[in-house]
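Trainee: My questions all concern the structure below.
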Amino acid sequence: MKFSRMAREVQPSATIKISTKVKNMRAEGIDIIGFGMGEPDFTTPDNIREAGVKAIWDGLTKYTPTSGTMELKEAICDKLLKDNGLKYSPGQIMTSCGAKQSVCNVILALCDKGDEVIIPSPYWVSYSEQTIMAGAKPVLLHATDDADFRITLKQFENAINDNTKLMILNSPCNPTGSVYSEAELREIVGCAVKNNIYVISDEIYENILYDGAKHCSPAGFGDEFLDKVITVNGFSKSFAMTGWRLGYAAGNKEIISEAIKLQDHFTSGTSSITQAAGIEALKGKQDFIKDMVAEFDKRRRFLIDKLNSLDGVSCVMPKGAFYAFPNISGLFGRSIAGETVNDSDGLVNLLIEKARVAFVPGKSFGSDDHLRISYATSMDNIKEGMARLEALLAG
Ligand code: PMP
Ligand code: GLU
């Protein structure tokens with residue numbers, strides 16, 4: 001059968017593929033520990049769940065405007081002003097079925113065949129595929145462990161040409177946990193704005209920070225920035241609301257209107273019930289976030305220490321999000337459990353088969369020398385998973 005250009009060119013989501021594999025193996029009764037899905041292992045806080053239940057009983061069961069209810073968009077504007085210093089009006093907000101759909105709508109609204117999209121790499125798996133969906137070309141700028149996985153202004157300047165339309169920034173970053181400083185963002189995003197390049201700033205991990213790292217929203221650097229930067233955020237990570245499907249984009253009204261027009265035809269927007277819960281998430285008490293981050297921090301310290309103690313493995317200390325991105329190239333060429341491993345796919349498969357632990361190959365995030373480990377899972381799982389990894393490498 002001949003499929004469309006889009007279906008032929010887009011690769012499956014490696015994060016979803018690995019987590020589905022783990023779920024299927026568990027259903028078969030196999031004892032496997034999954035570090036695949038970037039999904040908080042916490043339940044959505046009670047006040048938010050209650051708001052969702054109340055919305056059902058209040059009869060909020062109809063279509064909403066595609067971009068979201070006015071009350072939710074106003075709550076998002078208040079949040080963006082209070083937390084990020086960004087002044088947007090509700091007409092500049094689009095809510096969607098997750099930040100994933102917000103990013104995709106904006107890419108599809110801006111990019112065409114012939115356009116280039118600069119993506120600092122390692123990068124989240126969907127940026128490249130959504131760019132390909134638009135028919136545009138992902139241009140990956142590689143940042144190494146030594147650079148704490150952050151690209152430089154020079155790298156960015158060298159990658160710009162007449163076809164460059166958009167850049168996608170993600171700080172704190174999935175999969176590396178790196179966080180750009182305000183000074184770096186001013187330089188890099190300033191250069192984009194000067195060169196008429198739009199920037200998607202995906203800030204979905206803004207609240208998950210460690211060791212005093214600070215989040216900064218580049219749209220706030222001045223009027224030209226507010227015009228060119230599209231700020232994307234969501235509820236999945238900060239409020240453990242992955243299953244509710246709620247994210248948003250804020251930016252230049254013309255871009256947001258075009259993105260909403262596309263969403264009219266995709267999904268008509270996200271669920272009315274989810275939106276009511278989202279208002280409570282933004283307006284209700286926020287102490288859940290602090291407690292969740294404190295727990296992630298304990299796991300992070302244990303996990304990174306453990307990884308760095310393994311011969312052939314080294315891991316940069318992440319400053320944000322809930323992922324470790326260890327370099328495993330020191331294991332390539334060695335015989336592990338009777339097999340020689342030469343890339344991240346090979347190691348992931350071996351670990352699933354022989355140690356019953358599942359990570360995501362770094363290759364899908366732009367580096368075959370790494371694995372991605374989500375520590376949004378219990379400390380017991382982390383301890384057991386690391387023990388299995390250690391035993392396999394030692395054996
Ligand atoms: N951006 C990044 C960097 C992510 O890791 C995720 C995780 N799924 C998303 C966006 C999308 O999240 P969601 O669609 O659940 O809001
Ligand atoms: N963002 C999460 C991850 O990277 C969820 C899965 C996905 O949407 O890719 O694992």
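Identifiers in the structure tokens: chain A, B, ... in order shown; residue index from 1 per chain; ligand index from 1 in order shown.
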Considering only C-alpha atoms and all ligand atoms, tabulate each residue of chain A that lies at most 8 Å from ligand 1 along with its nearest interatomic pair and the corresponding distance in Å to one decimal; arrange the rows by chain and ascending residue number and present them as JSON lines.

Mentor:
```
{"residue": "A:Gly38", "atom": "CA", "partner": "ligand 1", "partner_atom_place_in_ligand_line": "7 (C)", "distance": 6.3}
{"residue": "A:Glu39", "atom": "CA", "partner": "ligand 1", "partner_atom_place_in_ligand_line": "8 (N)", "distance": 7.5}
{"residue": "A:Cys97", "atom": "CA", "partner": "ligand 1", "partner_atom_place_in_ligand_line": "14 (O)", "distance": 6.6}
{"residue": "A:Gly98", "atom": "CA", "partner": "ligand 1", "partner_atom_place_in_ligand_line": "14 (O)", "distance": 3.4}
{"residue": "A:Ala99", "atom": "CA", "partner": "ligand 1", "partner_atom_place_in_ligand_line": "16 (O)", "distance": 3.6}
{"residue": "A:Lys100", "atom": "CA", "partner": "ligand 1", "partner_atom_place_in_ligand_line": "14 (O)", "distance": 3.8}
{"residue": "A:Gln101", "atom": "CA", "partner": "ligand 1", "partner_atom_place_in_ligand_line": "14 (O)", "distance": 6.3}
{"residue": "A:Ser102", "atom": "CA", "partner": "ligand 1", "partner_atom_place_in_ligand_line": "14 (O)", "distance": 7.9}
{"residue": "A:Val103", "atom": "CA", "partner": "ligand 1", "partner_atom_place_in_ligand_line": "10 (C)", "distance": 7.5}
{"residue": "A:Tyr123", "atom": "CA", "partner": "ligand 1", "partner_atom_place_in_ligand_line": "3 (C)", "distance": 7.9}
{"residue": "A:Trp124", "atom": "CA", "partner": "ligand 1", "partner_atom_place_in_ligand_line": "3 (C)", "distance": 5.4}
{"residue": "A:Asn170", "atom": "CA", "partner": "ligand 1", "partner_atom_place_in_ligand_line": "3 (C)", "distance": 6.1}
{"residue": "A:Cys173", "atom": "CA", "partner": "ligand 1", "partner_atom_place_in_ligand_line": "3 (C)", "distance": 6.3}
{"residue": "A:Asn174", "atom": "CA", "partner": "ligand 1", "partner_atom_place_in_ligand_line": "3 (C)", "distance": 5.0}
{"residue": "A:Pro175", "atom": "CA", "partner": "ligand 1", "partner_atom_place_in_ligand_line": "5 (O)", "distance": 7.6}
{"residue": "A:Asp202", "atom": "CA", "partner": "ligand 1", "partner_atom_place_in_ligand_line": "1 (N)", "distance": 6.0}
{"residue": "A:Glu203", "atom": "CA", "partner": "ligand 1", "partner_atom_place_in_ligand_line": "1 (N)", "distance": 7.5}
{"residue": "A:Ile204", "atom": "CA", "partner": "ligand 1", "partner_atom_place_in_ligand_line": "1 (N)", "distance": 5.9}
{"residue": "A:Tyr205", "atom": "CA", "partner": "ligand 1", "partner_atom_place_in_ligand_line": "3 (C)", "distance": 7.3}
{"residue": "A:Asn233", "atom": "CA", "partner": "ligand 1", "partner_atom_place_in_ligand_line": "16 (O)", "distance": 7.2}
{"residue": "A:Gly234", "atom": "CA", "partner": "ligand 1", "partner_atom_place_in_ligand_line": "16 (O)", "distance": 4.7}
{"residue": "A:Phe235", "atom": "CA", "partner": "ligand 1", "partner_atom_place_in_ligand_line": "16 (O)", "distance": 6.2}
{"residue": "A:Ser236", "atom": "CA", "partner": "ligand 1", "partner_atom_place_in_ligand_line": "15 (O)", "distance": 4.8}
{"residue": "A:Lys237", "atom": "CA", "partner": "ligand 1", "partner_atom_place_in_ligand_line": "15 (O)", "distance": 7.4}
{"residue": "A:Met241", "atom": "CA", "partner": "ligand 1", "partner_atom_place_in_ligand_line": "15 (O)", "distance": 7.7}
{"residue": "A:Thr242", "atom": "CA", "partner": "ligand 1", "partner_atom_place_in_ligand_line": "15 (O)", "distance": 5.0}
{"residue": "A:Gly243", "atom": "CA", "partner": "ligand 1", "partner_atom_place_in_ligand_line": "15 (O)", "distance": 7.5}
{"residue": "A:Arg245", "atom": "CA", "partner": "ligand 1", "partner_atom_place_in_ligand_line": "15 (O)", "distance": 6.0}
{"residue": "A:Leu246", "atom": "CA", "partner": "ligand 1", "partner_atom_place_in_ligand_line": "16 (O)", "distance": 5.8}
{"residue": "A:Gly247", "atom": "CA", "partner": "ligand 1", "partner_atom_place_in_ligand_line": "16 (O)", "distance": 4.9}
```

Trainee: Name the residues of segment 142-328 of chain A that fall into strand (DSSP E or B) according to DSSP on the backbone, using the chain letters and numbers of this document, as a PyMOL selection string.

Mentor: chain A and resi 142+164-170+198-202+209+229-234+247-250+314+320+323-324+327

Trainee: Which residues of segment 98-163 of chain A come within 12 Å of segment 356-364 of chain A, and what is each one's closest atom pair and distance in Å (one decimal), counting only C-alpha atoms, sorted by chain and residue number, as JSON lines?

Mentor:
```
{"residue": "A:Ser121", "atom": "CA", "partner": "A:Ser364", "partner_atom": "CA", "distance": 10.5}
{"residue": "A:Pro122", "atom": "CA", "partner": "A:Gly362", "partner_atom": "CA", "distance": 8.1}
{"residue": "A:Tyr123", "atom": "CA", "partner": "A:Ser364", "partner_atom": "CA", "distance": 8.6}
{"residue": "A:Trp124", "atom": "CA", "partner": "A:Ser364", "partner_atom": "CA", "distance": 8.4}
{"residue": "A:Val125", "atom": "CA", "partner": "A:Ser364", "partner_atom": "CA", "distance": 6.1}
{"residue": "A:Ser126", "atom": "CA", "partner": "A:Ser364", "partner_atom": "CA", "distance": 9.5}
{"residue": "A:Tyr127", "atom": "CA", "partner": "A:Ser364", "partner_atom": "CA", "distance": 11.0}
{"residue": "A:Ser128", "atom": "CA", "partner": "A:Ser364", "partner_atom": "CA", "distance": 9.8}
{"residue": "A:Glu129", "atom": "CA", "partner": "A:Ser364", "partner_atom": "CA", "distance": 10.6}
```

Trainee: Could those residues be written to a file, using C-alpha atoms, as a JSON list (two decimals), in the first residue's frame?

Mentor:
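Output saved as result_14.json:
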```
[["chain", "number", "residue", "atom", "x", "y", "z"],
["A", 121, "SER", "CA", 19.94, 18.74, 19.90],
["A", 122, "PRO", "CA", 19.49, 16.56, 22.00],
["A", 123, "TYR", "CA", 15.83, 17.43, 21.53],
["A", 124, "TRP", "CA", 12.38, 16.12, 22.38],
["A", 125, "VAL", "CA", 11.35, 13.50, 19.84],
["A", 126, "SER", "CA", 8.24, 15.25, 18.48],
["A", 127, "TYR", "CA", 9.89, 18.51, 17.33],
["A", 128, "SER", "CA", 11.63, 16.94, 14.35],
["A", 129, "GLU", "CA", 8.62, 14.84, 13.31]]
```

Trainee: Which neighbours of Gly220 of chain A fall inside 8 Å, counting only C-alpha atoms, when residues of the same chain fewer than 2 positions from it are skipped, and could you give them as a ChimeraX atom specification?

Mentor: /A:84-86,217-218,222-223,225-226

Trainee: Residues of segment 135-283 of chain A in helix (DSSP H, G or I) according to DSSP, as number ranges by chain?

Mentor: A: 153-159, 182-194, 218-221, 223-228, 242-244, 253-266, 272-283
